[in-house]
Every structure is written in structure tokens, then in C-alpha cells.
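**Student:** Sharing a structure, written as C-alpha cells. Questions coming.
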Amino acid sequence: MIQTADVVIIGGGIIGCSVAYHLTKMGCKDVVILERETFQGKHSTGRSAGGVRQQFATPVNIRMSKYSIQVLHEFHETMGQDPEYHPYGYLFIATTDEHIRYLQENMKAQLAEGIPVRFLSRGDVEDMVPQLYTEDVLGGSFCPTDGFVDPYSVMQGYNSRARAQGAKVLLETEVTNILTQSGRISGVVTSHGTISTRTVVNASGAWARIVGSWVGVDVPIRPTRRQLVNTEKFDELPTNLPMLIDMATGCYMRKESGGVMIGWADPDEPESFSTVFNPDFIDVIIEKALPRMPCLENAGINLRRCWGGLYDISPDHHAIIGPVPNLEGFILCNGFSGHGIMHSPAMGVSVAEMILYGESRTLDVHELTVERFAKGELLHETAVI
Ligand SMILES: Cc1cc2nc3c(=O)[nH]c(=O)nc-3n(C[C@H](O)[C@H](O)[C@H](O)COP(=O)(O)OP(=O)(O)OC[C@H]3O[C@@H](n4cnc5c(N)ncnc54)[C@H](O)[C@@H]3O)c2cc1C
């Protein structure tokens, strides 16, 4: 067991790994990731749908996605790990005038940030995905550089590079408390002993609020289960099917391992740490997906590939990152609200720069501090799936 570290990162998911990679790349080598599980990515990262998109409503989310997707595009070459980035696009399907107005409003912000998004008529939507039921469709928006990645591969890319650059990863090491002295971080208590450090990064995903509470910092996130269903191999839809977002139901789907991955965020899901898949969810989601994609009637459900995982939902569906007031050395990187895979490159570089340079230089993320909640300066991300 090590006794000191320059930076201790609590949590070895994609966020902790990205922060460790960027810190070590920038020359801060004495970094340790503490992960209580026997393997990394167990609760959220390894259970994600892997979607990456720039079609958000707020400039800060659009900017973080734009930066991250560029990084993912070059990831194989720069990191030596194939992230399986498939730029098949995200297609938002609108069925009401309100949807159309909403997409067009968001597109203004996206185009202003240089995102190659375009508006589609109903005919365009039909041409793009002829298998869709489109009688009620009024149009859509499509961005061809959106798509999806393999979350586990991205995490492993960051993880192995971080380790090669000097970071240590301690598995089965639970952090149970954080120590402070005179208004600053002085160490962490773990299941294997205490580590002295002046900087702790809270990258504990759905547990961020509990970790924050140890030092009196309210990290206002709600751990919430999200579930995914996969079909057996299904050839009636092409491999390069875009990620489809049916705005009428909130249901989304894409191709995965030859089958179709289908997801839907149940707004009534209570706050919990449960990742147990509820078999009743299959009927619920099929009822939502079938009317839009009638050919799914011919697809069998792959019961071995249905799962639940955790979202860490913040009140305004934006990440909460950076230092906290009145406690030096405690850095947040939480509240991804279902966007942590796609924003992991942006988060890693921003947090590493904050720790080493006192500010985020690559990206302007100043709006994402925890202080926004106390000040009532919440952001408004509505493009949440
Ligand atoms: C069904 C589903 C679909 C999703 N789809 C997408 C998507 O399409 N696109 C996208 O960008 N995102 C998506 N997400 C969200 C994404 O998976 C998360 O935002 C991301 O994985 C968060 O990464 P993380 O590293 O913060 O959390 P995690 O991967 O959960 O890692 C945090 C780690 O901290 C550890 N930990 C917690 N407390 C302690 C402690 N006290 N001591 C030591 N270790 C501790 C945990 O064991 C955990 O391994 C989805 C999530 C789910 C569940």
C-alpha cells in the first residue's frame, strides 16, 4: 500500500482514468486511482450505450462534445487503443411542431459552434432510414459526426496509458473517508490504510454525493438506474444505422454487435444504486420502439444482453466539475447525467488543467462549478436522453 500521492482519484471508471491520463501526460506522475471493485467500469462505464453526440442545447455541452469527438476520432492513433468510434450520426425524429421548433433552436447553437448538423424533412428521414414508420414524422435533425464508441475500450485506452505514464491503479481499495487540515485536503482513509495527499479528485460516479458529504460538500446528484435491451442478431437494419432518437417517446436505438440496442430513460425511476435489470422493462420498451420501427417485430430479445446501470443525474443535467469553496485540494468531476462517456476526454483535460494550472485552458467550462447551485445559476440542458 502506498503512503503518499500528489493526486488521489476516487473511482476508476472512464472519468477517473481520463483524469489520470491527462495529469500524467502533463507531467504529474504521482497519481493513484483508488477503485473499490475488482475491476473498473462496473456500475456506469461498462453499462453505457456509448453514444457520442454534439446535438445538445447549451454551448458548453456542445463544446465539450465537439472537443471529445475529435479526440475519439484520433484515439486509435494517439492512444494505441481502438475506441470503436462509429460516426453513423444521431438522428432526432420530430413528430410535433414543438419538436421542430426545439430542434431548430438547438441547431442555431450547434451551428454557431461549427457542428455539421442539418435539418431533415420527413422525406429526408424516410430516405435515410426507410424502415421507420414516418406517417407522423414532421422532420428531424442529423449530425454525421455523432455516433457511438465502445465505452470500455475508451476507458482502457486512458487506463493503460495513464499507467504507462506513471499512474497507479489500486483495485479492491475502498475510500472510506477524506482527511482535512486547516481548510485543505490532507489525505484519504481506505480499506487498506491511509494515503497522505493534498489533492483528491471525486470521480466516484453515482457515489459522488456520499463522497462529498465526508468533507461537508454537497454534490447534488441523484444515482438512478437506467436499463438497456439488446436484440439477437438482426439483419433487417443496417450496421450503419444512425442512433435514432424518437422524440415522441424518448426511446433510442442503434445497432450493436449485429443486434439492436434499445434504451429509454424512465422518468419515474426512483433514486437508487440498484443495477438489477427488471424483465418487465422489456415489454415497456418494445411497446415504445415497435410503432416507430415495426420490423423489430421480427427480432428476438437477447436476454443475456439486457442490463441496468447507473446515471449520476445533476439538477440541470450538466456536469459538476472543479474546485469547491472553502476546501483547497478537493476537485469534483461528477454529475454526467448520461453523458460521461462522450464528455470524458473534455473532462479529463479540463480537470487536469485545473489541478496543475489553476484553470481550464483548453476548454471554457467555468459554468460547471458546484457554486452555480448555491447562486441559483443553473444551466438548462433539455436535450437529455
Ligand atoms: C444504461 C446507460 C446508458 C448510458 N448511455 C450513455 C451514452 O450513450 N453516452 C454517454 O456519454 N454516457 C452514457 N451513460 C453514462 C455513462 O456511462 C456515465 O456518465 C459514465 O460512465 C460515468 O463514468 P464515471 O467514471 O463517472 O462513473 P463509473 O464508471 O461508475 O466509475 C466510478 C467508480 O467509482 C467507484 N467508487 C465509488 N465510490 C468509491 C469509493 N468510496 N472508493 C473507491 N471507489 C469508489 C465505483 O466503484 C465506480 O467504479 C450511460 C449510462 C447507463 C447506465
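In the C-alpha cells, the first chain shown is A, the next is B, and so on; residue numbers restart at 1 for each chain, and ligands run from 1 in the order shown.
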Can you list, as a PyMOL selection string, every protein, DNA or RNA residue that comes within 7 Å of Ser153 (chain A) when you count only C-alpha atoms, leaving out same-chain residues fewer than 2 positions away?

**Tutor:** chain A and resi 81-83+150-151+155-157

**Student:** Mind listing the alpha helix (DSSP H) residues of region 93-297 of chain A, per DSSP on the backbone, as number ranges by chain?

**Tutor:** A: 97-112, 122-128, 151-164, 208-213, 280-289

**Student:** With C-alpha atoms retained, could you export that selection as a PDB file, in the first residue's frame?

**Tutor:**
```pdb
ATOM      1  CA  ASP A  97     -44.338  21.463 -34.261  1.00  0.00           C
ATOM      2  CA  GLU A  98     -42.875  21.970 -30.821  1.00  0.00           C
ATOM      3  CA  HIS A  99     -40.200  19.343 -31.558  1.00  0.00           C
ATOM      4  CA  ILE A 100     -39.359  21.094 -34.813  1.00  0.00           C
ATOM      5  CA  ARG A 101     -39.031  24.481 -33.120  1.00  0.00           C
ATOM      6  CA  TYR A 102     -36.928  22.880 -30.413  1.00  0.00           C
ATOM      7  CA  LEU A 103     -34.548  21.197 -32.873  1.00  0.00           C
ATOM      8  CA  GLN A 104     -34.218  24.356 -34.933  1.00  0.00           C
ATOM      9  CA  GLU A 105     -33.446  26.423 -31.848  1.00  0.00           C
ATOM     10  CA  ASN A 106     -30.786  23.920 -30.749  1.00  0.00           C
ATOM     11  CA  MET A 107     -29.365  23.805 -34.254  1.00  0.00           C
ATOM     12  CA  LYS A 108     -28.667  27.538 -34.064  1.00  0.00           C
ATOM     13  CA  ALA A 109     -26.434  26.955 -31.041  1.00  0.00           C
ATOM     14  CA  GLN A 110     -24.836  23.886 -32.645  1.00  0.00           C
ATOM     15  CA  LEU A 111     -24.121  25.636 -35.952  1.00  0.00           C
ATOM     16  CA  ALA A 112     -22.652  28.600 -34.056  1.00  0.00           C
ATOM     17  CA  ARG A 122     -39.870  13.934 -43.498  1.00  0.00           C
ATOM     18  CA  GLY A 123     -38.764  12.738 -46.932  1.00  0.00           C
ATOM     19  CA  ASP A 124     -35.115  13.018 -45.906  1.00  0.00           C
ATOM     20  CA  VAL A 125     -35.823  10.978 -42.772  1.00  0.00           C
ATOM     21  CA  GLU A 126     -37.560   8.314 -44.871  1.00  0.00           C
ATOM     22  CA  ASP A 127     -34.655   8.201 -47.304  1.00  0.00           C
ATOM     23  CA  MET A 128     -32.135   7.903 -44.513  1.00  0.00           C
ATOM     24  CA  PRO A 151     -17.026   2.794 -23.587  1.00  0.00           C
ATOM     25  CA  TYR A 152     -14.898   0.030 -22.133  1.00  0.00           C
ATOM     26  CA  SER A 153     -12.245   0.451 -24.830  1.00  0.00           C
ATOM     27  CA  VAL A 154     -12.064   4.201 -24.252  1.00  0.00           C
ATOM     28  CA  MET A 155     -11.708   3.637 -20.513  1.00  0.00           C
ATOM     29  CA  GLN A 156      -8.996   1.027 -21.084  1.00  0.00           C
ATOM     30  CA  GLY A 157      -7.190   3.323 -23.516  1.00  0.00           C
ATOM     31  CA  TYR A 158      -6.972   6.023 -20.857  1.00  0.00           C
ATOM     32  CA  ASN A 159      -6.257   3.489 -18.132  1.00  0.00           C
ATOM     33  CA  SER A 160      -3.349   1.741 -19.795  1.00  0.00           C
ATOM     34  CA  ARG A 161      -1.752   4.987 -20.998  1.00  0.00           C
ATOM     35  CA  ALA A 162      -2.117   6.551 -17.562  1.00  0.00           C
ATOM     36  CA  ARG A 163      -0.381   3.548 -16.030  1.00  0.00           C
ATOM     37  CA  ALA A 164       2.362   3.593 -18.644  1.00  0.00           C
ATOM     38  CA  ALA A 208     -20.281  11.403  -5.608  1.00  0.00           C
ATOM     39  CA  ARG A 209     -22.747  12.835  -3.114  1.00  0.00           C
ATOM     40  CA  ILE A 210     -21.683  10.394  -0.415  1.00  0.00           C
ATOM     41  CA  VAL A 211     -18.000  11.105  -1.048  1.00  0.00           C
ATOM     42  CA  GLY A 212     -18.647  14.873  -0.949  1.00  0.00           C
ATOM     43  CA  SER A 213     -20.547  14.548   2.329  1.00  0.00           C
ATOM     44  CA  ASP A 280     -40.818  -6.157 -17.137  1.00  0.00           C
ATOM     45  CA  PHE A 281     -38.800  -3.409 -18.820  1.00  0.00           C
ATOM     46  CA  ILE A 282     -38.664  -5.499 -22.000  1.00  0.00           C
ATOM     47  CA  ASP A 283     -42.407  -5.148 -22.651  1.00  0.00           C
ATOM     48  CA  VAL A 284     -42.303  -1.465 -21.757  1.00  0.00           C
ATOM     49  CA  ILE A 285     -39.541  -0.673 -24.182  1.00  0.00           C
ATOM     50  CA  ILE A 286     -40.813  -2.857 -27.002  1.00  0.00           C
ATOM     51  CA  GLU A 287     -44.147  -1.047 -26.795  1.00  0.00           C
ATOM     52  CA  LYS A 288     -42.290   2.209 -27.304  1.00  0.00           C
ATOM     53  CA  ALA A 289     -39.909   1.023 -30.010  1.00  0.00           C
TER      54      ALA A 289
END
```

**Student:** Which distance in Å separates CA of Gln40 (chain A) and CA of Gly259 (chain A), to one decimal?

**Tutor:**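 Distance between the two atoms: 25.5 Å.
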
**Student:** Please report, as CSV, each residue of chain A lying at most 6 Å from ligand 1, together with the nearest pair of atoms and the separation in Å rounded to one decimal; use only C-alpha atoms and all ligand atoms, and order rows by chain and ascending residue number.

**Tutor:**
```
residue,atom,partner,partner_atom_place_in_ligand_line,distance
A:Ile10,CA,ligand 1,43 (C),5.3
A:Gly11,CA,ligand 1,34 (O),3.2
A:Gly12,CA,ligand 1,33 (C),4.9
A:Gly13,CA,ligand 1,25 (O),3.3
A:Ile14,CA,ligand 1,25 (O),4.1
A:Ile15,CA,ligand 1,25 (O),3.9
A:Gly16,CA,ligand 1,25 (O),5.5
A:Leu34,CA,ligand 1,43 (C),5.2
A:Glu35,CA,ligand 1,44 (N),3.8
A:Arg36,CA,ligand 1,43 (C),4.1
A:Glu37,CA,ligand 1,47 (O),5.4
A:Gln40,CA,ligand 1,49 (O),5.3
A:Gly41,CA,ligand 1,29 (O),4.4
A:Lys42,CA,ligand 1,49 (O),5.4
A:His43,CA,ligand 1,30 (O),4.5
A:Ser44,CA,ligand 1,29 (O),4.1
A:Thr45,CA,ligand 1,21 (O),3.2
A:Arg47,CA,ligand 1,53 (C),5.2
A:Ser48,CA,ligand 1,4 (C),3.5
A:Ala49,CA,ligand 1,5 (N),3.9
A:Gly50,CA,ligand 1,8 (O),4.1
A:Gly51,CA,ligand 1,8 (O),3.4
A:Val52,CA,ligand 1,9 (N),5.6
A:Thr173,CA,ligand 1,43 (C),5.9
A:Glu174,CA,ligand 1,42 (N),3.7
A:Val175,CA,ligand 1,42 (N),3.9
A:Thr176,CA,ligand 1,41 (N),5.7
A:Ala203,CA,ligand 1,26 (O),5.4
A:Ser204,CA,ligand 1,34 (O),3.5
A:Gly205,CA,ligand 1,26 (O),3.7
A:Trp207,CA,ligand 1,38 (N),5.1
A:Arg226,CA,ligand 1,1 (C),4.5
A:Gln227,CA,ligand 1,1 (C),4.8
A:Leu228,CA,ligand 1,1 (C),5.4
A:Gly308,CA,ligand 1,1 (C),5.8
A:Gly309,CA,ligand 1,53 (C),3.5
A:Leu310,CA,ligand 1,53 (C),4.1
A:Tyr311,CA,ligand 1,53 (C),5.2
A:Phe336,CA,ligand 1,19 (O),4.8
A:Gly338,CA,ligand 1,15 (C),3.7
A:His339,CA,ligand 1,11 (O),3.4
A:Gly340,CA,ligand 1,19 (O),3.1
A:Ile341,CA,ligand 1,11 (O),3.4
A:Met342,CA,ligand 1,11 (O),3.8
```

**Student:** Which of these residues is nearest to Ser344 (chain A), using only C-alpha atoms: A:Trp214, A:Tyr67, A:Phe119, A:Phe56?

**Tutor:**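 The shortest atom-to-atom distance to Ser344 (chain A) comes from A:Tyr67.
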
**Student:** Pull the strand (DSSP E) assignments for region 111-352 of chain A out of DSSP run on the backbone, and list those residues as a PyMOL selection string.

**Tutor:** chain A and resi 118-121+139-143+147-148+168-170+175-181+184-190+193-196+200-202+222-230+243-246+252-256+259-264+307-313+320-324+327-334

**Student:** Counting only C-alpha atoms, which residue out of A:Glu377, A:Glu359, A:Asp364, A:Glu236 sits closest to Met64 (chain A)?

**Tutor:**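 When distances to Met64 (chain A) are compared using only C-alpha atoms, the smallest one comes from A:Asp364.
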
**Student:** Identify, on the basis of only C-alpha atoms, every residue whose closest approach to Trp264 (chain A) does not exceed 7 Å; exclude the query and any residue fewer than 5 positions from it along the same chain; express the result as a PyMOL selection string.

**Tutor:** chain A and resi 250-252+285

**Student:** Those same residues - C-alpha atoms - I'd like them written as a PDB file, in the first residue's frame.

**Tutor:**
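Writing the result to selection.pdb gives the following:
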```
ATOM      1  CA  GLY A 250     -37.804   9.328 -25.807  1.00  0.00           C
ATOM      2  CA  CYS A 251     -36.876   5.825 -26.961  1.00  0.00           C
ATOM      3  CA  TYR A 252     -33.480   5.436 -28.669  1.00  0.00           C
ATOM      4  CA  ILE A 285     -39.541  -0.673 -24.182  1.00  0.00           C
TER       5      ILE A 285
END
```

**Student:** Using only C-alpha atoms, which residues sit within 9 Å of His22 (chain A) once same-chain residues fewer than 6 positions away are excluded, as a VMD selection string?

**Tutor:** chain A and resid 28 158 162 345 348 to 353

**Student:** From the options A:Leu378, A:Cys306, A:Pro291, A:Ile301, which residue's atoms come nearest to Val276 (chain A), counting only C-alpha atoms?

**Tutor:**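 Among the listed residues, the smallest separation from Val276 (chain A) belongs to A:Cys306.
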